[in-house]
Amino acid sequence: MISVIIPTYNRSKSVAKAVESVLAQTYIDFELIVIDDGSEDDTINQLKTFDDNRLQVSRLKHSGVSAARNEGVKQCKGDIITFLDSDDLWLKNKLQRQIQFHREHPDILISQTQEIWIRNGQRVNPKFKHIKPQGYIFSESLHLCTITPSSVLMTKELFQEFGGFDENLSACEDYDLWLKIAAKYQVGLIDDYLVTKYGGHEDQLSQSFIAMDRFRIYSLGKLLLSQNISAIQQQLVIEVLSQKTNILLNGAKKRNENTAPLEQFFGRVLKQNLSEEDFILQAKPLLLSDQYFAQ
């Protein structure tokens, strides 16, 4: 059985369509867990309209998408897990096609599919940098997120091996997890368009935060100090981390901010003169706090 997890927050207008796209799958052996992350709109009433014993709904105090997805995995019964964002849709053969791929490639523990992009109601083509890689994709995954949560299918064991999504992250939580996985495992790609992704709306996470790269810097710093990557991978991380920190510092200087604390912090990280635990503690006020980056 496959466990499908949909996290949602104040998306009553789209979550019902997301649920419908799962219940319409040609592969029928699944459970669907919707985690309502403390919605204050009509989400729960929308979900009550469904009469399907494969669907279960849980409510959380608002804690963010990472906590919602992690809670879904805790509740699920399947050995295989998938995620669908509540503003995206699946084509009806998505699960069937992906399960077929993993039966043919039992050594691959995680895969994704191609996707259709809709921005502000119009279909758009991904840029070259967004072309999905496959296999051992660690180096390609350092600059930006190369895996889409709504297209992923993976073993629950693999998810648990890396501790799930980092609940400290308000954004780029998917980049964080996929990067750790890609450092060790290959990622499969089903070259079919099986997901429709919608963007451009106001509540999209990528449009909600200033300086998104600060979240990726946090992930790269953790990974560098974790001692869980090879020497070659460490060097690749240092190169990308240096580029991203320089861009972040230049942006802060243009806003006339005091960059001395950040410069000192980044210097220690790049010299690996911090434990992973100390890095996380210091990164919270410096990188993860919106107050420091307020315009």
# chains A, B, ... in the order shown; residues from 1 in each chain; ligands from 1
>>> select_by_dssp(residues="stretch 82-111 of chain A", states="helix (DSSP H, G or I)", output="list in words")
Lys94, Leu95, Gln96, Arg97, Gln98, Ile99, Gln100, Phe101, His102, Arg103 and Glu104 of chain A
>>> residues_around(residues="stretch 233-247 of chain A", least_positions_apart="3", cutoff="9 Å", atoms="only C-alpha atoms", output="list in words")
Phe138, Ser139, Leu142, His143, Ala183, Asp213, Arg214, Arg216, Ile217, Leu220, Gly221, Leu223, Leu224, Gln227, Ile229, Ser230, Asn250, Gly251, Ala252, Leu262, Glu263, Phe266 and Leu270 of chain A
>>> write_last_selection(atoms="N, CA and C atoms", output="mmCIF file, in the first residue's frame")
data_model
loop_
_atom_site.group_PDB
_atom_site.id
_atom_site.type_symbol
_atom_site.label_atom_id
_atom_site.label_comp_id
_atom_site.auth_asym_id
_atom_site.auth_seq_id
_atom_site.Cartn_x
_atom_site.Cartn_y
_atom_site.Cartn_z
ATOM 1 N N PHE A 138 23.733 14.806 -6.846
ATOM 2 C CA PHE A 138 24.135 15.671 -5.737
ATOM 3 C C PHE A 138 24.650 17.020 -6.227
ATOM 4 N N SER A 139 25.578 17.017 -7.173
ATOM 5 C CA SER A 139 26.184 18.279 -7.611
ATOM 6 C C SER A 139 25.146 19.201 -8.244
ATOM 7 N N LEU A 142 22.857 21.237 -5.603
ATOM 8 C CA LEU A 142 23.428 22.184 -4.650
ATOM 9 C C LEU A 142 22.910 23.606 -4.857
ATOM 10 N N HIS A 143 22.717 24.014 -6.097
ATOM 11 C CA HIS A 143 22.363 25.412 -6.369
ATOM 12 C C HIS A 143 20.889 25.695 -6.124
ATOM 13 N N ALA A 183 23.066 12.990 -1.643
ATOM 14 C CA ALA A 183 24.470 12.785 -1.305
ATOM 15 C C ALA A 183 24.811 11.308 -1.187
ATOM 16 N N ASP A 213 17.747 32.260 -0.415
ATOM 17 C CA ASP A 213 18.993 31.496 -0.347
ATOM 18 C C ASP A 213 19.499 31.323 1.090
ATOM 19 N N ARG A 214 19.038 32.147 2.022
ATOM 20 C CA ARG A 214 19.491 31.974 3.406
ATOM 21 C C ARG A 214 19.060 30.612 3.955
ATOM 22 N N ARG A 216 18.752 27.903 2.062
ATOM 23 C CA ARG A 216 19.645 26.928 1.418
ATOM 24 C C ARG A 216 21.034 26.971 2.064
ATOM 25 N N ILE A 217 21.474 28.155 2.455
ATOM 26 C CA ILE A 217 22.759 28.281 3.161
ATOM 27 C C ILE A 217 22.716 27.495 4.467
ATOM 28 N N LEU A 220 23.095 23.845 3.530
ATOM 29 C CA LEU A 220 24.463 23.547 3.114
ATOM 30 C C LEU A 220 25.413 23.534 4.311
ATOM 31 N N GLY A 221 25.234 24.484 5.228
ATOM 32 C CA GLY A 221 26.078 24.520 6.419
ATOM 33 C C GLY A 221 25.904 23.283 7.276
ATOM 34 N N LEU A 223 24.909 20.350 6.286
ATOM 35 C CA LEU A 223 25.458 19.203 5.570
ATOM 36 C C LEU A 223 26.979 19.180 5.654
ATOM 37 N N LEU A 224 27.594 20.339 5.496
ATOM 38 C CA LEU A 224 29.054 20.436 5.550
ATOM 39 C C LEU A 224 29.583 19.983 6.912
ATOM 40 N N GLN A 227 29.541 15.729 8.759
ATOM 41 C CA GLN A 227 30.516 14.640 8.586
ATOM 42 C C GLN A 227 29.898 13.429 7.878
ATOM 43 N N ILE A 229 29.239 13.369 4.467
ATOM 44 C CA ILE A 229 29.486 13.429 3.029
ATOM 45 C C ILE A 229 30.968 13.208 2.757
ATOM 46 N N SER A 230 31.290 12.845 1.526
ATOM 47 C CA SER A 230 32.675 12.544 1.154
ATOM 48 C C SER A 230 33.489 13.832 1.046
ATOM 49 N N ASN A 250 26.315 40.662 0.212
ATOM 50 C CA ASN A 250 26.227 41.851 -0.652
ATOM 51 C C ASN A 250 24.835 42.463 -0.592
ATOM 52 N N GLY A 251 23.821 41.611 -0.548
ATOM 53 C CA GLY A 251 22.456 42.114 -0.438
ATOM 54 C C GLY A 251 22.217 42.820 0.878
ATOM 55 N N ALA A 252 22.755 42.242 1.966
ATOM 56 C CA ALA A 252 22.596 42.858 3.285
ATOM 57 C C ALA A 252 23.316 44.200 3.352
ATOM 58 N N LEU A 262 27.155 38.098 10.546
ATOM 59 C CA LEU A 262 27.045 37.096 9.495
ATOM 60 C C LEU A 262 28.412 36.711 8.947
ATOM 61 N N GLU A 263 29.278 37.688 8.713
ATOM 62 C CA GLU A 263 30.601 37.404 8.159
ATOM 63 C C GLU A 263 31.411 36.526 9.099
ATOM 64 N N PHE A 266 29.802 32.964 8.963
ATOM 65 C CA PHE A 266 30.119 32.241 7.733
ATOM 66 C C PHE A 266 31.589 31.824 7.687
ATOM 67 N N LEU A 270 32.712 27.943 6.990
ATOM 68 C CA LEU A 270 33.549 27.533 5.862
ATOM 69 C C LEU A 270 34.858 26.892 6.322
#
>>> residues_around(residues="A:Leu274", least_positions_apart="6", cutoff="12 Å", atoms="only C-alpha atoms", output="list in words")
Gly221, Lys222, Leu224, Leu225, Ser226, Gln227, Gln264, Phe265, Phe266, Gly267, Arg268, Ile280, Leu281, Gln282 and Ala283 of chain A
>>> write_last_selection(atoms="C-alpha atoms", output="compact mmCIF listing (two decimals), in the first residue's frame")
# COMPACT_ATOMS: atom_id res chain seq x y z
CA GLY A 221 26.08 24.52 6.42
CA LYS A 222 24.39 21.65 8.24
CA LEU A 224 29.05 20.44 5.55
CA LEU A 225 29.36 20.07 9.33
CA SER A 226 27.49 16.77 9.55
CA GLN A 227 30.52 14.64 8.59
CA GLN A 264 32.07 36.01 11.35
CA PHE A 265 29.55 33.18 11.38
CA PHE A 266 30.12 32.24 7.73
CA GLY A 267 33.87 32.31 8.26
CA ARG A 268 33.61 29.72 11.01
CA ILE A 280 21.95 25.18 14.14
CA LEU A 281 21.72 27.22 17.35
CA GLN A 282 23.57 30.18 15.85
CA ALA A 283 21.84 29.96 12.48
>>> closest_atom_pairs(of="stretch 183-202 of chain A", to="stretch 156-178 of chain A", cutoff="12 Å", atoms="only C-alpha atoms", output="JSON lines")
{"residue": "A:Ala183", "atom": "CA", "partner": "A:Trp178", "partner_atom": "CA", "distance": 8.6}
{"residue": "A:Lys184", "atom": "CA", "partner": "A:Trp178", "partner_atom": "CA", "distance": 10.2}
{"residue": "A:Tyr185", "atom": "CA", "partner": "A:Leu158", "partner_atom": "CA", "distance": 9.6}
{"residue": "A:Gln186", "atom": "CA", "partner": "A:Trp178", "partner_atom": "CA", "distance": 10.6}
{"residue": "A:Val187", "atom": "CA", "partner": "A:Trp178", "partner_atom": "CA", "distance": 9.4}
>>> write_last_selection(atoms="C-alpha atoms", output="mmCIF file, in the first residue's frame")
data_model
loop_
_atom_site.group_PDB
_atom_site.id
_atom_site.type_symbol
_atom_site.label_atom_id
_atom_site.label_comp_id
_atom_site.auth_asym_id
_atom_site.auth_seq_id
_atom_site.Cartn_x
_atom_site.Cartn_y
_atom_site.Cartn_z
ATOM 1 C CA ALA A 183 24.470 12.785 -1.305
ATOM 2 C CA LYS A 184 24.042 9.043 -0.808
ATOM 3 C CA TYR A 185 21.420 7.646 -3.174
ATOM 4 C CA GLN A 186 20.451 7.919 -6.810
ATOM 5 C CA VAL A 187 17.138 9.491 -7.802
#
>>> atom_distance(atom1="atom CA of A:Ser151", atom2="atom CA of A:Leu60")
24.1 Å
